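I have placed the structure first, in the form of structure tokens, so that the comments after it can refer back to it.
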Amino acid sequence: MKILTVIGARPQFIKAATISHVIIKTEGIHEVLVHTGQHFDETMSAVFFEELGIPEPTYNLGISGGYHGAQTGKMLIGIEEVLLKEKPDIVILYGDTNSTLAGALAAVKLHIPVAHIEAGLRSFNKKMPEEVNRIITDHSSSFLFTPTPTATQNLLREGLDEDCIVEVGDVMFDATLRYSALAETLSLVLSSFNLKPKGYILTTIHRAENTDDPEKLQNIFASLEKIAQNEKLVLPLHPRTAQSLKKIGYSFNNSPITFIDPVGYLDMLMLEKHASIIITDSGGVQKEAYFQKVPCITLREETEWTELIVNGNNFLAGADDLQIVLKKAKTVIFEKDQELYGDGNAATRIVEILLRSFEES
Ligand code: UD1
Ligand code: UDP
């Protein structure tokens, strides 16, 4: 069976690593990796291939930046060419980026079955580019691998075929389990930045809804600065946010926030594990906070990962109520291990299902 995987953005490299490692040791499957080029900085792309041992992509389309239509359109053209040449039996897609959408459209139009990993997530906010991307991808897919019961319910509510949906757990949980020990051994991030365990807050901000509105961005950073006046606040800076802060003339030199470049996954696992609190608008980081038993504040009005809110370890907040929510988050105690995201074997399950389905067809 020939699988063609389309990836392009940071979280997809991490998710894809889990599946690629299963494919490598499974007989009868061969994977062709296509990198759209959406993320391209060394710290946003190459570092993940190196440290997670992901095979070099066979194709790198070199497409990044620009408006959504232009970016997605160029990817669509590039992926279609590759699909026509490679003729894969199945296309694997992850999450909800423009690379995911382009992969879905290119494959479904050529009648190549699509497997969507992390299917069924919904924010119910169509102003988010990700929401549109994931709805279209789900509705173009033949295999819908959901991470949670909520995601499964979302798909059933939209009338998608029950037989296409398999709740497998979350490959990001697989990744955390797989790489945590390696992170402990190899990462020097705490000593490099002179960070003491539980002596700092970790923050990431990159969502378009937070970075593209100058007033909102200003308010968020004013609020983070207030916190950073009393507690060390470390922020690996996403290129999108760097661009937006520069545009509003943010004074990096006078800021009490400890800005660092984006870090590799192993360093990020260590930063997350030893943070006292995580403040983020990232989808992946919200879950990793839970995996590492660190209270989390999500700087958004809604989240797709609603079980974290119900579980009581994740709180939604905006710039205005961040200080109050921070006080509440500091009281969270993680009592017992729960498995909200499966058992860490999602990737193995997915590959088994795809192979079985291929052999039966
Ligand atoms: C994308 C995804 C978002 C995901 C995020 C993960 C879409 C619509 N958005 O957002 O869902 O949560 O990735 O991080 O697909 N840039 C660089 N260097 C890089 C990467 C990006 O300079 O390595 C610049 C781009 O040129 C662009 C901006 O950052 O100007 C935003 O990049 P883009 O890939 O369009 O969206 P993200 O905000 O990264
Ligand atoms: N991540 C990383 N280095 C960083 C910031 C994030 O390795 O400097 C990892 C993080 O651990 C998680 C993933 O990137 O696995 C989340 O990606 P991101 O926040 O960019 O996107 P989202 O999950 O919101 O789509």
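By order in the structure tokens, chains are A, B, ...; within a chain, residues start at 1; ligands start at 1, following the order shown.
If you count only C-alpha atoms and ignore residues fewer than 6 places along the chain from range 320-325 of chain A, what sits within 8 Å of it is Asn219, Ser223, Ile227 and Ile297 of chain A.
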Interface rows for chain A against ligand 1: nearest pair, Å to one decimal, 9 Å, only C-alpha atoms and all ligand atoms, as a Markdown table:
```
| residue | atom | partner | partner_atom_place_in_ligand_line | distance |
| --- | --- | --- | --- | --- |
| A:Gly8 | CA | ligand 1 | 34 (O) | 8.1 |
| A:Ala9 | CA | ligand 1 | 13 (O) | 5.2 |
| A:Arg10 | CA | ligand 1 | 14 (O) | 5.3 |
| A:Pro11 | CA | ligand 1 | 6 (C) | 5.9 |
| A:Gln12 | CA | ligand 1 | 6 (C) | 8.2 |
| A:Gly37 | CA | ligand 1 | 23 (O) | 8.4 |
| A:Gln38 | CA | ligand 1 | 34 (O) | 4.9 |
| A:His39 | CA | ligand 1 | 23 (O) | 3.8 |
| A:Phe40 | CA | ligand 1 | 23 (O) | 3.9 |
| A:Asp41 | CA | ligand 1 | 23 (O) | 3.7 |
| A:Glu42 | CA | ligand 1 | 23 (O) | 7.1 |
| A:Thr43 | CA | ligand 1 | 23 (O) | 7.1 |
| A:Met44 | CA | ligand 1 | 23 (O) | 4.7 |
| A:Ser45 | CA | ligand 1 | 23 (O) | 6.6 |
| A:Ser64 | CA | ligand 1 | 26 (O) | 5.6 |
| A:Gly65 | CA | ligand 1 | 26 (O) | 3.9 |
| A:Gly66 | CA | ligand 1 | 30 (O) | 6.7 |
| A:Tyr67 | CA | ligand 1 | 35 (O) | 7.8 |
| A:His68 | CA | ligand 1 | 8 (C) | 6.9 |
| A:Gln71 | CA | ligand 1 | 35 (O) | 7.9 |
| A:Thr72 | CA | ligand 1 | 15 (O) | 8.7 |
| A:Gly95 | CA | ligand 1 | 11 (O) | 8.0 |
| A:Asp96 | CA | ligand 1 | 11 (O) | 5.9 |
| A:Thr97 | CA | ligand 1 | 15 (O) | 3.2 |
| A:Asn98 | CA | ligand 1 | 15 (O) | 3.9 |
| A:Ser99 | CA | ligand 1 | 15 (O) | 6.3 |
| A:Thr100 | CA | ligand 1 | 15 (O) | 7.7 |
| A:Leu101 | CA | ligand 1 | 15 (O) | 8.5 |
| A:Met128 | CA | ligand 1 | 8 (C) | 8.2 |
| A:Pro129 | CA | ligand 1 | 8 (C) | 5.2 |
| A:Glu130 | CA | ligand 1 | 11 (O) | 5.3 |
| A:Glu131 | CA | ligand 1 | 11 (O) | 9.0 |
| A:Asn133 | CA | ligand 1 | 8 (C) | 7.8 |
| A:His206 | CA | ligand 1 | 38 (O) | 5.8 |
| A:Arg207 | CA | ligand 1 | 38 (O) | 6.2 |
| A:Ala208 | CA | ligand 1 | 38 (O) | 6.2 |
| A:Thr211 | CA | ligand 1 | 38 (O) | 8.6 |
| A:His238 | CA | ligand 1 | 14 (O) | 7.2 |
| A:Pro239 | CA | ligand 1 | 29 (O) | 4.8 |
| A:Arg240 | CA | ligand 1 | 29 (O) | 3.9 |
| A:Thr241 | CA | ligand 1 | 29 (O) | 7.6 |
| A:Ala242 | CA | ligand 1 | 29 (O) | 8.3 |
| A:Gln243 | CA | ligand 1 | 29 (O) | 7.3 |
| A:Asp281 | CA | ligand 1 | 12 (O) | 8.8 |
| A:Ser282 | CA | ligand 1 | 12 (O) | 6.4 |
| A:Gly283 | CA | ligand 1 | 12 (O) | 6.9 |
| A:Gly284 | CA | ligand 1 | 12 (O) | 8.3 |
```
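Between CA of Asp174 in chain A and CA of Asp343 in chain A lies a distance of 7.8 Å.
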DSSP-assigned alpha helix (DSSP H) among range 7-212 of chain A, expressed as a VMD selection string = chain A and resid 10 to 24 47 to 52 68 to 86 98 to 109 129 to 139 149 to 157 171 to 186 189 to 192 208 to 211
Range 140-151 of chain A surroundings by only C-alpha atoms, 10 Å radius, close-in-sequence under 3 positions cut, as a ChimeraX atom specification = /A:90-94,101,104-105,107-109,111-122,134-137,154-157,160-173,304-307,340-342,346,349-350,353-354
Test item, strand (DSSP E) assignment across range 128-281 of chain A, answer as a PyMOL selection string | chain A and resi 143-146+165-167+201-204+233-236+258-260+277-280
Residues as selected, C-alpha atoms, written as a compact mmCIF listing (two decimals), in the first residue's frame, can you do that?
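Dumped to again_24.txt:
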```txt
# COMPACT_ATOMS: atom_id res chain seq x y z
CA PHE A 143 -11.43 7.59 7.10
CA LEU A 144 -12.24 9.88 10.02
CA PHE A 145 -9.90 9.17 12.92
CA THR A 146 -11.25 11.05 15.92
CA ILE A 165 -15.49 7.17 11.89
CA VAL A 166 -13.04 5.44 14.24
CA GLU A 167 -12.24 6.86 17.65
CA ILE A 201 5.04 30.58 33.32
CA LEU A 202 5.20 29.28 29.74
CA THR A 203 3.26 31.20 27.09
CA THR A 204 2.64 30.73 23.37
CA LEU A 233 7.19 34.51 31.86
CA VAL A 234 8.89 32.66 28.99
CA LEU A 235 7.49 33.00 25.49
CA PRO A 236 8.85 31.09 22.47
CA THR A 258 11.46 36.55 28.33
CA PHE A 259 11.11 36.13 24.56
CA ILE A 260 12.94 33.16 23.06
CA ILE A 277 1.19 27.48 34.54
CA ILE A 278 0.82 27.49 30.77
CA ILE A 279 -0.91 30.39 29.02
CA THR A 280 -1.55 29.65 25.35
```
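For the pair atom 20 (O, counted along the ligand's line) of ligand 2 and CA of Ile3 in chain A, the separation is 24.8 Å.
With only C-alpha atoms as the atoms that count, the residue of A:Leu269, A:Leu355, A:Ile333, A:Leu217 with the shortest distance to Ile248 in chain A is A:Leu217.
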Leu190 in chain A environment, 12 Å, only C-alpha atoms, sequence neighbours closer than 6 positions dropped, as a PyMOL selection string | chain A and resi 183-184+196-200+202+234+263+266-275
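Among the candidates A:Phe193, A:Val82, A:Ser123, A:Gly62, the residue lying nearest to Thr303 in chain A is A:Ser123 (atoms considered: only C-alpha atoms).
Rounded to one decimal, CA of Lys246 in chain A and CA of Leu224 in chain A lie 16.8 Å from each other.
Once Leu76 in chain A and its same-chain neighbours fewer than 4 positions away are set aside, Thr72, Glu80, Ala102, Gly103 and Ala106 of chain A remain within 7 Å of it when counting only C-alpha atoms.
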Would you mind exporting the chosen residues as an mmCIF file, in the first residue's frame, restricted to all heavy atoms?
```
data_model
loop_
_atom_site.group_PDB
_atom_site.id
_atom_site.type_symbol
_atom_site.label_atom_id
_atom_site.label_comp_id
_atom_site.auth_asym_id
_atom_site.auth_seq_id
_atom_site.Cartn_x
_atom_site.Cartn_y
_atom_site.Cartn_z
ATOM 1 N N THR A 72 -3.533 28.475 -0.380
ATOM 2 C CA THR A 72 -4.195 27.170 -0.528
ATOM 3 C C THR A 72 -4.238 26.768 -2.010
ATOM 4 O O THR A 72 -4.035 25.600 -2.355
ATOM 5 C CB THR A 72 -5.627 27.228 0.053
ATOM 6 O OG1 THR A 72 -5.565 27.837 1.347
ATOM 7 C CG2 THR A 72 -6.232 25.854 0.190
ATOM 8 N N GLU A 80 -1.731 18.318 -6.361
ATOM 9 C CA GLU A 80 -2.377 17.563 -7.449
ATOM 10 C C GLU A 80 -1.325 16.958 -8.386
ATOM 11 O O GLU A 80 -1.413 15.781 -8.770
ATOM 12 C CB GLU A 80 -3.317 18.476 -8.232
ATOM 13 C CG GLU A 80 -4.117 17.719 -9.281
ATOM 14 C CD GLU A 80 -5.113 18.629 -9.984
ATOM 15 O OE1 GLU A 80 -4.676 19.588 -10.675
ATOM 16 O OE2 GLU A 80 -6.318 18.397 -9.857
ATOM 17 N N ALA A 102 -5.763 21.892 1.373
ATOM 18 C CA ALA A 102 -5.302 21.701 -0.004
ATOM 19 C C ALA A 102 -5.153 20.209 -0.306
ATOM 20 O O ALA A 102 -5.553 19.738 -1.377
ATOM 21 C CB ALA A 102 -3.972 22.426 -0.208
ATOM 22 N N GLY A 103 -4.613 19.461 0.656
ATOM 23 C CA GLY A 103 -4.444 18.015 0.471
ATOM 24 C C GLY A 103 -5.792 17.336 0.277
ATOM 25 O O GLY A 103 -5.951 16.459 -0.577
ATOM 26 N N ALA A 106 -7.312 18.286 -3.228
ATOM 27 C CA ALA A 106 -6.574 17.656 -4.327
ATOM 28 C C ALA A 106 -6.915 16.165 -4.395
ATOM 29 O O ALA A 106 -7.205 15.634 -5.473
ATOM 30 C CB ALA A 106 -5.072 17.851 -4.127
#
```
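For the choices A:Lys15, A:Lys226, A:Lys127, A:Lys85, the atom-to-atom distance to Tyr179 in chain A is smallest for A:Lys15 when using only C-alpha atoms.
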Find the residues near Cys296 in chain A: any atom within 9 Å, counting only C-alpha atoms, skip ones fewer than 5 places away on the same chain, and give them as a list in words.
-> Ile277, Ile278, Ile279, Thr280, Val285, Gln286, Lys287, Ala289, Tyr290, Asn313, Asn314, Phe315, Leu316, Leu326 and Ala329 of chain A
Output file for the selection above: N, CA, C and O atoms, as an mmCIF file, in the first residue's frame:
```cif
data_model
loop_
_atom_site.group_PDB
_atom_site.id
_atom_site.type_symbol
_atom_site.label_atom_id
_atom_site.label_comp_id
_atom_site.auth_asym_id
_atom_site.auth_seq_id
_atom_site.Cartn_x
_atom_site.Cartn_y
_atom_site.Cartn_z
ATOM 1 N N ILE A 277 2.476 27.290 35.255
ATOM 2 C CA ILE A 277 1.192 27.484 34.541
ATOM 3 C C ILE A 277 1.543 27.652 33.070
ATOM 4 O O ILE A 277 2.612 28.188 32.741
ATOM 5 N N ILE A 278 0.637 27.224 32.199
ATOM 6 C CA ILE A 278 0.816 27.494 30.768
ATOM 7 C C ILE A 278 -0.307 28.423 30.312
ATOM 8 O O ILE A 278 -1.474 28.199 30.638
ATOM 9 N N ILE A 279 0.085 29.477 29.617
ATOM 10 C CA ILE A 279 -0.908 30.389 29.017
ATOM 11 C C ILE A 279 -0.700 30.298 27.512
ATOM 12 O O ILE A 279 0.403 30.526 27.025
ATOM 13 N N THR A 280 -1.745 29.937 26.776
ATOM 14 C CA THR A 280 -1.546 29.652 25.348
ATOM 15 C C THR A 280 -2.822 29.876 24.549
ATOM 16 O O THR A 280 -3.920 29.902 25.117
ATOM 17 N N VAL A 285 -0.743 22.777 22.492
ATOM 18 C CA VAL A 285 -0.145 23.072 23.810
ATOM 19 C C VAL A 285 -1.179 22.911 24.930
ATOM 20 O O VAL A 285 -0.845 22.483 26.037
ATOM 21 N N GLN A 286 -2.444 23.207 24.645
ATOM 22 C CA GLN A 286 -3.499 22.994 25.660
ATOM 23 C C GLN A 286 -3.522 21.544 26.126
ATOM 24 O O GLN A 286 -3.633 21.247 27.315
ATOM 25 N N LYS A 287 -3.422 20.630 25.149
ATOM 26 C CA LYS A 287 -3.467 19.207 25.520
ATOM 27 C C LYS A 287 -2.190 18.771 26.209
ATOM 28 O O LYS A 287 -2.202 17.997 27.161
ATOM 29 N N ALA A 289 -0.348 20.519 28.078
ATOM 30 C CA ALA A 289 -0.411 20.978 29.472
ATOM 31 C C ALA A 289 -1.093 19.912 30.321
ATOM 32 O O ALA A 289 -0.630 19.552 31.408
ATOM 33 N N TYR A 290 -2.170 19.369 29.800
ATOM 34 C CA TYR A 290 -2.904 18.308 30.515
ATOM 35 C C TYR A 290 -2.044 17.045 30.639
ATOM 36 O O TYR A 290 -1.975 16.440 31.716
ATOM 37 N N ASN A 313 -8.967 21.628 34.324
ATOM 38 C CA ASN A 313 -7.555 22.037 34.336
ATOM 39 C C ASN A 313 -7.233 23.080 33.284
ATOM 40 O O ASN A 313 -6.120 23.557 33.189
ATOM 41 N N ASN A 314 -8.244 23.443 32.491
ATOM 42 C CA ASN A 314 -8.028 24.445 31.448
ATOM 43 C C ASN A 314 -9.120 25.502 31.575
ATOM 44 O O ASN A 314 -10.286 25.169 31.801
ATOM 45 N N PHE A 315 -8.723 26.776 31.462
ATOM 46 C CA PHE A 315 -9.667 27.884 31.650
ATOM 47 C C PHE A 315 -9.587 28.799 30.446
ATOM 48 O O PHE A 315 -8.486 29.129 29.990
ATOM 49 N N LEU A 316 -10.737 29.231 29.966
ATOM 50 C CA LEU A 316 -10.730 30.222 28.889
ATOM 51 C C LEU A 316 -10.580 31.606 29.505
ATOM 52 O O LEU A 316 -11.135 31.875 30.562
ATOM 53 N N LEU A 326 -5.821 33.599 36.266
ATOM 54 C CA LEU A 326 -4.518 33.068 36.691
ATOM 55 C C LEU A 326 -4.559 32.632 38.156
ATOM 56 O O LEU A 326 -4.063 31.558 38.518
ATOM 57 N N ALA A 329 -6.397 29.392 38.263
ATOM 58 C CA ALA A 329 -5.619 28.283 37.674
ATOM 59 C C ALA A 329 -4.561 27.786 38.652
ATOM 60 O O ALA A 329 -4.230 26.596 38.680
#
```
Surrounding residues of range 57-59 of chain A excluding itself and chain neighbours under 2 positions, 9 Å, only C-alpha atoms, as number ranges by chain | A: 32-36, 54-55, 61, 82
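Nearest to Glu225 in chain A of all the residues A:Asn210, A:Ser276, A:Ser251, A:Thr5 is A:Ser251, counting only C-alpha atoms.
Among the candidate residues A:Ile220, A:Leu237, A:Val6, A:Ile63, the one lying nearest to ligand 2 is A:Leu237, with distances computed using only C-alpha atoms and all ligand atoms.
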Would you please work out which residue, of A:Met75, A:Asn125, A:Ala175, A:Asp89, is nearest to Ser20 in chain A when using only C-alpha atoms?
-> A:Ala175
